[in-house]
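These notes concern the structure reproduced below.
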Amino acid sequence: MDVFITLTINGLATGLLLFMMACGLSIIFGLMGIMNFAHGSFFVIGAYTSTFTYALTGSFALAMIAGMAAGAAIGWFTELTIIRRVYSNHVGQILITLGAFIVLNEIVLIIWGPNVIPSPTPALLDGTVNILGATISIYRLFIIGFSLVVAVVVHFALAKTRLGTIVRAGVENAEMVNVLGVNVRRVFAFVFILGTALAALGGTMIGPTLGQIGTFLISQYLLLSFIVVVIGGMGSFIGSMVAGIIVGLANNYIIWFYPPAALPLNVILMSVILIIKPTGLLGMKEAA
Amino acid sequence: MLNNKNWLQLPSFWLILASIIILAIIPSFTSSRFILNMVATIAIAASFAISYNLLAGFTGVFSLGHAVFFGSSAYAVGIILSKFGSTPLYFAISVVVSIILAVILGLCVGYLALRLKAVYYAMITFAVAELFVITAEKWRDLTGGLDGLGFQLPEFLSGRYTGYYIAIVLFFLTVFFMYRLLNSPTGKILVAIRENEVRVSALGFNVFRYKLLSNVIAGILATLAGVAYAILNQFVVPSILGVTQTINALLMTIVGGMGTLAGPIIGAAVVILLGDWLANLAKIHPLFERWPIIFGLLYIMIILVMPGGIMSGYYRLKSKIFKSK
């Protein structure tokens, strides 16, 4: 029983981190039809920025803000310089985000070097609590709580504000929104920055759960968030959340029984869903 | 953009003959391991990039898992030779196994995923590539894990220049095969699919089947390049299966000119020679250790400014000169 509780809590924490990364990917794809292959780099930019900021200042809150700001700033620059130029060009979109993938990875390596670096748990959140006989690290509970708060805030921002309405309408039909007199380009830029900032914010929290960070996280988490996006459905915020939790939990349960099977099973699940129902569990449409 | 006649043509008969002769006699002028290895590496990278170009440049299918063909054949050669013994027979078996593996892989992944849209195909192939990399990293008994796998070649392959000549011969065979393929009716249909898929299928061609064919042929060509790589280096690491390896081929293709025959060759030469030069500059300033960023920026610039790469610049220049005459 206590093993089950530990696995569930850890799985929820992993799943919510995946959700933070995947929801940006999903909304960007739903709205603009761009699959951002460089999205994993933003996750890692957040991880490195926060780890170094934490080492420098000793404040984890500051580290998280710095990581998110770094992700948003680089996301803004990426949108401004390259993404904006390929909106109507499907092949160009794939090619250009792969180019961004090369460049951003090299930037990470230039700034922070190629070595895996340790990432300690913040002092305030260190330690464990006892829940029904299971020993749970406080830090995981913090991840779950914080991610849920972010999810609720973003969800209400999308559901209740005018901008959110425009974004949701844009996912349904960007052309129509444009015809109605909304500057869709500006909304695109906003969503791209939001997506990269959320990915970076997710990245700020990954370090202490693994104890170390490195560029190996880029493709690992990019793949996991592809799986989440596909399962949840392109463009669906709630779908990303549900799928993130499913993948996180499944990963942790399977790892307990037989570690090498975790990723293949997830990939197979993703392939099956893509082949029989490309709109995913909760996706509204198959984006162009 | 490009003159229809030009982009399928080989540069010229004399140019090819000259390059065959030059490449064939290089070893009699220099026995420098460095130069021979460099030329052979370019030849192998060019063969791999040509096979990628068949998919991406001519058929319009963007795979992120193309290096799986390349890497798994290099691994097949390495594993079979090191586990069973370095004899010509086992080498032949390993090549056959690699090709069978490529056909199976190309058919399976293609059959399941080629019906999907370009983005989804890229995502699935990305996932497959990651699975192969992780398998190679974790299955230590078989692959040597992250440390890589070194192996002995059978005697008939272990001559000083054998690896070099195999790479060069494979390169010319690949170029010749592509030239014949692209000028055949099948090649024309592949290009037509890239240009307008709906129209080709309206004309009664089975687009899916042609894409599958292109996938399998490109896979076999990449497999042969992988075998040459294994012979030249006698060492394989998991990263040659990965997405980065595929993106390298994409980079070479884009720099040289996507959808042209000469593009990937020029791209491979430029990227490897320039990369080596930049890597040497790391002695002057450590920042040059991260030279791939320069290629990343160049790649983005080319996509935004000159999508046809070096070759389109060449054709533009050529047509200007001929007009002025």
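By convention in this document, the chains of the structure tokens carry letters A, B, ... by their order, each chain's residues are numbered from 1, and ligands are numbered from 1 in the order they are shown.
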
Show me, as a list in words, the residues that have an atom within 9 Å of Tyr253 of chain A when counting only C-alpha atoms, minus same-chain residues fewer than 5 positions from it.
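The residues satisfying every condition are Phe4, Leu7, Thr8, Gly11, Gly248, Tyr258 and Ala262 of chain A.
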
Do a neighbour search on Ile217 of chain B at 8 Å with only C-alpha atoms, toss out local chain neighbours closer than 4 positions, and write the hits as a PyMOL selection string.
chain B and resi 51+213+221

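For the pair atom CA of Ile273 of chain A and atom CA of Met234 of chain A, the interatomic distance is 12.0 Å.
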
For each of A:Leu104, A:Ile136, A:Ile245, A:Ile213, take the minimum atom-to-atom distance to chain B, counting only C-alpha atoms, then give the residue where this is smallest.
A:Leu104

Report as an MDAnalysis selection string all protein, DNA and RNA residues lying within 9 Å of Ser72 of chain B, evaluated on only C-alpha atoms, omitting residues in the same chain fewer than 4 positions from it.
chainID B and resid 67:68 76:77 98 101:102 132 223 226 240:241

Compile the residues of chain B that lie within 9 Å of chain A, evaluated using only C-alpha atoms, and express the compilation as JSON, numbers by chain.
{"B": [60, 62, 112, 113, 115, 116, 117, 118, 119, 120, 122, 123, 124, 126, 127, 128, 130, 131, 135, 138, 243, 244, 247, 250, 251, 287, 289, 290, 291, 292, 293, 294, 295, 296, 297, 299, 300, 303, 304]}

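Shell of Met306 of chain B at 12 Å, with only C-alpha atoms counted and residues fewer than 4 places along the chain excluded, is Gly92 of chain A; Met1, Ile254, Val255, Gly256, Gly257, Met258, Leu298, Tyr299, Ile300, Met301, Ile302, Ile310, Met311, Ser312, Gly313, Tyr314 and Arg316 of chain B.
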
Requested write-out: all heavy atoms of the selected residues, as a CSV table (one decimal), in the first residue's frame:
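Dumped everything to selection27.csv:
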chain,number,residue,atom,x,y,z
A,92,GLY,N,8.3,24.6,-44.0
A,92,GLY,CA,9.2,25.6,-43.4
A,92,GLY,C,9.0,25.5,-41.9
A,92,GLY,O,10.0,25.6,-41.1
B,1,MET,N,11.4,28.0,-59.7
B,1,MET,CA,12.6,28.5,-59.1
B,1,MET,C,13.8,28.0,-59.9
B,1,MET,O,14.7,28.7,-60.4
B,1,MET,CB,12.7,28.2,-57.7
B,1,MET,CG,14.0,28.7,-57.0
B,1,MET,SD,14.0,28.3,-55.2
B,1,MET,CE,13.8,26.5,-55.3
B,254,ILE,N,20.1,20.9,-46.6
B,254,ILE,CA,19.6,22.3,-46.7
B,254,ILE,C,20.7,23.2,-47.2
B,254,ILE,O,20.5,24.0,-48.1
B,254,ILE,CB,19.0,22.7,-45.3
B,254,ILE,CG1,17.8,22.0,-45.0
B,254,ILE,CG2,18.8,24.2,-45.3
B,254,ILE,CD1,16.5,22.5,-45.6
B,255,VAL,N,21.9,23.0,-46.6
B,255,VAL,CA,23.0,23.9,-47.0
B,255,VAL,C,23.3,23.7,-48.5
B,255,VAL,O,23.5,24.7,-49.2
B,255,VAL,CB,24.2,23.6,-46.1
B,255,VAL,CG1,25.5,24.3,-46.7
B,255,VAL,CG2,24.0,24.1,-44.7
B,256,GLY,N,23.4,22.5,-48.9
B,256,GLY,CA,23.8,22.2,-50.3
B,256,GLY,C,22.6,22.6,-51.3
B,256,GLY,O,22.9,23.1,-52.3
B,257,GLY,N,21.4,22.2,-50.9
B,257,GLY,CA,20.3,22.4,-51.8
B,257,GLY,C,19.4,21.3,-51.7
B,257,GLY,O,19.7,20.2,-52.2
B,258,MET,N,18.2,21.4,-51.1
B,258,MET,CA,17.3,20.3,-51.0
B,258,MET,C,16.6,20.0,-52.3
B,258,MET,O,16.3,20.9,-53.1
B,258,MET,CB,16.2,20.7,-49.9
B,258,MET,CG,15.3,19.6,-49.5
B,258,MET,SD,14.4,20.1,-48.1
B,258,MET,CE,15.1,19.1,-46.8
B,298,LEU,N,23.3,29.4,-39.8
B,298,LEU,CA,23.3,29.3,-41.2
B,298,LEU,C,22.1,28.6,-41.8
B,298,LEU,O,21.5,29.1,-42.8
B,298,LEU,CB,24.6,28.6,-41.6
B,298,LEU,CG,24.9,28.5,-43.1
B,298,LEU,CD1,25.3,29.8,-43.7
B,298,LEU,CD2,26.1,27.5,-43.4
B,299,TYR,N,21.8,27.5,-41.2
B,299,TYR,CA,20.6,26.7,-41.6
B,299,TYR,C,19.3,27.5,-41.6
B,299,TYR,O,18.6,27.6,-42.6
B,299,TYR,CB,20.5,25.5,-40.7
B,299,TYR,CG,19.3,24.7,-40.7
B,299,TYR,CD1,19.3,23.5,-41.4
B,299,TYR,CD2,18.2,25.0,-39.9
B,299,TYR,CE1,18.1,22.7,-41.3
B,299,TYR,CE2,17.1,24.3,-39.9
B,299,TYR,CZ,17.0,23.1,-40.6
B,299,TYR,OH,15.9,22.3,-40.6
B,300,ILE,N,19.1,28.3,-40.5
B,300,ILE,CA,17.9,29.1,-40.4
B,300,ILE,C,17.9,30.2,-41.4
B,300,ILE,O,16.9,30.4,-42.1
B,300,ILE,CB,17.8,29.7,-39.0
B,300,ILE,CG1,17.5,28.6,-38.0
B,300,ILE,CG2,16.8,30.8,-38.9
B,300,ILE,CD1,17.4,29.0,-36.5
B,301,MET,N,19.1,30.8,-41.6
B,301,MET,CA,19.2,31.9,-42.6
B,301,MET,C,18.9,31.3,-44.0
B,301,MET,O,18.2,32.0,-44.8
B,301,MET,CB,20.7,32.4,-42.7
B,301,MET,CG,21.1,33.2,-41.5
B,301,MET,SD,20.1,34.7,-41.4
B,301,MET,CE,20.7,35.6,-42.8
B,302,ILE,N,19.4,30.1,-44.3
B,302,ILE,CA,19.2,29.6,-45.7
B,302,ILE,C,17.7,29.3,-45.8
B,302,ILE,O,17.1,29.6,-46.9
B,302,ILE,CB,20.0,28.3,-45.9
B,302,ILE,CG1,21.5,28.7,-46.0
B,302,ILE,CG2,19.5,27.5,-47.1
B,302,ILE,CD1,22.4,27.5,-46.2
B,310,ILE,N,22.9,26.2,-51.6
B,310,ILE,CA,24.0,26.6,-52.4
B,310,ILE,C,23.7,26.4,-53.9
B,310,ILE,O,24.0,27.2,-54.8
B,310,ILE,CB,25.3,25.8,-52.1
B,310,ILE,CG1,25.8,26.3,-50.7
B,310,ILE,CG2,26.4,26.1,-53.1
B,310,ILE,CD1,27.0,25.5,-50.2
B,311,MET,N,23.0,25.2,-54.2
B,311,MET,CA,22.8,24.9,-55.6
B,311,MET,C,21.9,25.9,-56.2
B,311,MET,O,22.0,26.2,-57.4
B,311,MET,CB,22.1,23.5,-55.6
B,311,MET,CG,23.1,22.3,-55.5
B,311,MET,SD,24.5,22.4,-56.5
B,311,MET,CE,23.9,21.9,-58.1
B,312,SER,N,20.9,26.4,-55.5
B,312,SER,CA,20.0,27.4,-56.2
B,312,SER,C,20.8,28.7,-56.5
B,312,SER,O,20.5,29.3,-57.5
B,312,SER,CB,18.8,27.7,-55.3
B,312,SER,OG,19.1,28.6,-54.3
B,313,GLY,N,21.7,29.0,-55.6
B,313,GLY,CA,22.6,30.2,-55.8
B,313,GLY,C,23.4,29.9,-57.1
B,313,GLY,O,23.5,30.8,-58.0
B,314,TYR,N,23.9,28.7,-57.2
B,314,TYR,CA,24.7,28.3,-58.4
B,314,TYR,C,23.9,28.5,-59.7
B,314,TYR,O,24.3,29.0,-60.7
B,314,TYR,CB,25.2,26.9,-58.2
B,314,TYR,CG,25.8,26.3,-59.4
B,314,TYR,CD1,27.0,26.7,-59.9
B,314,TYR,CD2,25.1,25.3,-60.1
B,314,TYR,CE1,27.6,26.1,-61.1
B,314,TYR,CE2,25.7,24.7,-61.2
B,314,TYR,CZ,26.9,25.1,-61.7
B,314,TYR,OH,27.4,24.5,-62.8
B,316,ARG,N,21.1,30.2,-60.2
B,316,ARG,CA,20.8,31.5,-60.4
B,316,ARG,C,21.9,32.3,-61.1
B,316,ARG,O,21.8,33.0,-62.1
B,316,ARG,CB,20.4,32.2,-59.1
B,316,ARG,CG,19.0,32.7,-59.0
B,316,ARG,CD,18.7,33.4,-57.7
B,316,ARG,NE,18.1,32.5,-56.7
B,316,ARG,CZ,18.0,32.9,-55.5
B,316,ARG,NH1,18.4,34.1,-55.0
B,316,ARG,NH2,17.4,32.0,-54.6

Neighbouring residues of Gly280 of chain A were defined as those with any atom within 6 Å, considering only C-alpha atoms; residues of the same chain fewer than 4 positions away were excluded. Please report them as a list of chain:residue names.
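Listing them by chain and then by number gives A:Val230, A:Ile231, A:Gly232, A:Gly233.
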
So that I have them on file, write out the residues from the current selection with C-alpha atoms, as a compact mmCIF listing (two decimals), in the first residue's frame.
# COMPACT_ATOMS: atom_id res chain seq x y z
CA VAL A 230 -0.94 13.29 -28.85
CA ILE A 231 -2.84 11.42 -26.17
CA GLY A 232 -4.51 14.55 -24.82
CA GLY A 233 -5.43 15.95 -28.19

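Distances to Phe19 of chain A were evaluated for A:Ala157, A:Ala69, A:Ile45, A:Val228 using only C-alpha atoms, and the minimum falls at A:Val228.
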
Closest of B:Ile26, B:Val96, B:Val175, B:Ala74 to Asn53 of chain B - atom-to-atom distances counting only C-alpha atoms
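Between B:Ile26, B:Val96, B:Val175, B:Ala74, the residue approaching Asn53 of chain B most closely is B:Val175.
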
Please list as a PyMOL selection string every residue within 6 Å of Phe151 of chain B, counting only C-alpha atoms and excluding residues in the same chain fewer than 3 positions away.
chain B and resi 78+82+234

The distance between atom CA of Glu79 of chain A and atom CA of Ala189 of chain A is 6.4 Å

Helix (DSSP H, G or I) per DSSP on the backbone: members of segment 83-122 of chain A, as a ChimeraX atom specification:
/A:83-86,90-112

Atoms to include: N, CA and C atoms. Write the selected residues as a CSV table (one decimal), in the first residue's frame.
chain,number,residue,atom,x,y,z
A,83,ILE,N,9.9,32.2,-36.0
A,83,ILE,CA,8.6,31.6,-36.1
A,83,ILE,C,7.6,32.4,-36.9
A,84,ARG,N,7.6,33.7,-36.7
A,84,ARG,CA,6.7,34.6,-37.4
A,84,ARG,C,6.8,34.5,-38.9
A,85,ARG,N,8.0,34.2,-39.4
A,85,ARG,CA,8.2,34.2,-40.8
A,85,ARG,C,7.7,33.0,-41.6
A,86,VAL,N,7.3,31.9,-40.8
A,86,VAL,CA,6.9,30.7,-41.5
A,86,VAL,C,5.5,30.3,-41.2
A,90,HIS,N,4.0,25.1,-44.2
A,90,HIS,CA,4.1,23.9,-43.4
A,90,HIS,C,5.4,23.2,-43.3
A,91,VAL,N,6.1,23.1,-44.5
A,91,VAL,CA,7.4,22.4,-44.5
A,91,VAL,C,8.4,23.3,-43.7
A,92,GLY,N,8.3,24.6,-44.0
A,92,GLY,CA,9.2,25.6,-43.4
A,92,GLY,C,9.0,25.5,-41.9
A,93,GLN,N,7.8,25.3,-41.4
A,93,GLN,CA,7.6,25.3,-39.9
A,93,GLN,C,8.4,24.1,-39.3
A,94,ILE,N,8.3,22.9,-39.9
A,94,ILE,CA,9.1,21.8,-39.3
A,94,ILE,C,10.6,22.1,-39.4
A,95,LEU,N,11.0,22.6,-40.6
A,95,LEU,CA,12.4,22.8,-40.7
A,95,LEU,C,13.0,23.9,-39.8
A,96,ILE,N,12.2,25.0,-39.6
A,96,ILE,CA,12.7,26.1,-38.9
A,96,ILE,C,12.8,25.8,-37.4
A,97,THR,N,11.8,25.0,-36.9
A,97,THR,CA,11.9,24.7,-35.4
A,97,THR,C,13.0,23.7,-35.2
A,98,LEU,N,13.3,22.9,-36.2
A,98,LEU,CA,14.5,22.0,-36.0
A,98,LEU,C,15.7,22.8,-36.0
A,99,GLY,N,15.8,23.9,-36.8
A,99,GLY,CA,16.9,24.8,-36.7
A,99,GLY,C,17.0,25.5,-35.4
A,100,ALA,N,15.8,25.9,-34.8
A,100,ALA,CA,15.8,26.5,-33.5
A,100,ALA,C,16.3,25.5,-32.4
A,101,PHE,N,16.0,24.2,-32.6
A,101,PHE,CA,16.4,23.1,-31.8
A,101,PHE,C,17.9,23.1,-31.7
A,102,ILE,N,18.6,23.1,-32.9
A,102,ILE,CA,20.1,23.1,-33.0
A,102,ILE,C,20.6,24.3,-32.2
A,103,VAL,N,20.1,25.5,-32.6
A,103,VAL,CA,20.7,26.7,-32.0
A,103,VAL,C,20.5,26.8,-30.5
A,104,LEU,N,19.3,26.6,-30.0
A,104,LEU,CA,19.0,26.7,-28.6
A,104,LEU,C,19.8,25.7,-27.8
A,105,ASN,N,20.0,24.5,-28.3
A,105,ASN,CA,20.8,23.5,-27.6
A,105,ASN,C,22.2,24.0,-27.5
A,106,GLU,N,22.7,24.6,-28.5
A,106,GLU,CA,24.1,25.0,-28.5
A,106,GLU,C,24.2,26.2,-27.5
A,107,ILE,N,23.2,27.1,-27.5
A,107,ILE,CA,23.2,28.2,-26.6
A,107,ILE,C,23.3,27.7,-25.1
A,108,VAL,N,22.4,26.7,-24.8
A,108,VAL,CA,22.5,26.1,-23.5
A,108,VAL,C,23.9,25.6,-23.2
A,109,LEU,N,24.5,24.9,-24.2
A,109,LEU,CA,25.8,24.3,-23.9
A,109,LEU,C,26.9,25.5,-23.8
A,110,ILE,N,26.7,26.5,-24.5
A,110,ILE,CA,27.7,27.7,-24.4
A,110,ILE,C,27.6,28.3,-23.1
A,111,ILE,N,26.4,28.5,-22.6
A,111,ILE,CA,26.2,29.2,-21.3
A,111,ILE,C,26.6,28.3,-20.1
A,112,TRP,N,26.0,27.1,-20.2
A,112,TRP,CA,26.2,26.3,-19.0
A,112,TRP,C,27.1,25.1,-19.1

Ranking B:Val103, B:Leu149, B:Ala56, B:Ile166 by minimum distance to Tyr229 of chain B and counting only C-alpha atoms, which one comes first?
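Comparing B:Val103, B:Leu149, B:Ala56, B:Ile166 against Tyr229 of chain B, the winner is B:Ile166.
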
Please list as a JSON list (two decimals) with C-alpha atoms, in the first residue's frame every residue within 7 Å of Ala72 of chain A, counting only C-alpha atoms and excluding residues in the same chain fewer than 5 positions away.
[["chain", "number", "residue", "atom", "x", "y", "z"],
["A", 193, "ILE", "CA", 5.55, 33.22, -25.30],
["A", 194, "LEU", "CA", 3.03, 31.80, -22.80],
["A", 196, "THR", "CA", 7.57, 28.68, -23.72],
["A", 197, "ALA", "CA", 7.25, 30.40, -20.32]]

If you run DSSP over the backbone, which residues in segment 90-284 of chain A end up strand (DSSP E)? Put them as a PyMOL selection string.
chain A and resi 117-118+128-131+134-137+212-213

Would you save the residues from that selection as an mmCIF file, in the first residue's frame, using N, CA and C atoms?
data_model
loop_
_atom_site.group_PDB
_atom_site.id
_atom_site.type_symbol
_atom_site.label_atom_id
_atom_site.label_comp_id
_atom_site.auth_asym_id
_atom_site.auth_seq_id
_atom_site.Cartn_x
_atom_site.Cartn_y
_atom_site.Cartn_z
ATOM 1 N N ILE A 117 25.012 18.843 -14.088
ATOM 2 C CA ILE A 117 25.313 19.538 -12.834
ATOM 3 C C ILE A 117 24.290 19.166 -11.761
ATOM 4 N N PRO A 118 24.735 19.152 -10.506
ATOM 5 C CA PRO A 118 23.808 18.783 -9.423
ATOM 6 C C PRO A 118 22.782 19.886 -9.177
ATOM 7 N N THR A 128 10.690 14.938 4.386
ATOM 8 C CA THR A 128 9.608 14.058 3.983
ATOM 9 C C THR A 128 8.464 14.158 4.987
ATOM 10 N N VAL A 129 7.280 13.747 4.542
ATOM 11 C CA VAL A 129 6.152 13.609 5.462
ATOM 12 C C VAL A 129 5.628 12.191 5.346
ATOM 13 N N ASN A 130 4.880 11.797 6.365
ATOM 14 C CA ASN A 130 4.349 10.445 6.388
ATOM 15 C C ASN A 130 2.854 10.485 6.062
ATOM 16 N N ILE A 131 2.473 9.865 4.924
ATOM 17 C CA ILE A 131 1.056 9.816 4.573
ATOM 18 C C ILE A 131 0.622 8.363 4.521
ATOM 19 N N ALA A 134 3.278 5.872 4.065
ATOM 20 C CA ALA A 134 4.233 6.058 2.980
ATOM 21 C C ALA A 134 5.039 7.320 3.232
ATOM 22 N N THR A 135 6.331 7.241 2.922
ATOM 23 C CA THR A 135 7.188 8.409 3.103
ATOM 24 C C THR A 135 7.205 9.205 1.801
ATOM 25 N N ILE A 136 6.719 10.434 1.875
ATOM 26 C CA ILE A 136 6.595 11.246 0.668
ATOM 27 C C ILE A 136 7.473 12.475 0.824
ATOM 28 N N SER A 137 8.228 12.824 -0.227
ATOM 29 C CA SER A 137 9.058 14.024 -0.114
ATOM 30 C C SER A 137 8.167 15.252 -0.259
ATOM 31 N N GLN A 212 19.866 16.214 -10.463
ATOM 32 C CA GLN A 212 20.841 16.730 -11.418
ATOM 33 C C GLN A 212 20.117 17.151 -12.692
ATOM 34 N N ILE A 213 20.760 18.056 -13.447
ATOM 35 C CA ILE A 213 20.180 18.439 -14.728
ATOM 36 C C ILE A 213 21.261 18.411 -15.790
#

Go through A:Gly40, A:Gly235, A:Pro122, A:Gly145 one by one, measure the shortest atom-to-atom distance of each to Val167 of chain A using only C-alpha atoms, and give the residue with the smallest value.
A:Gly235
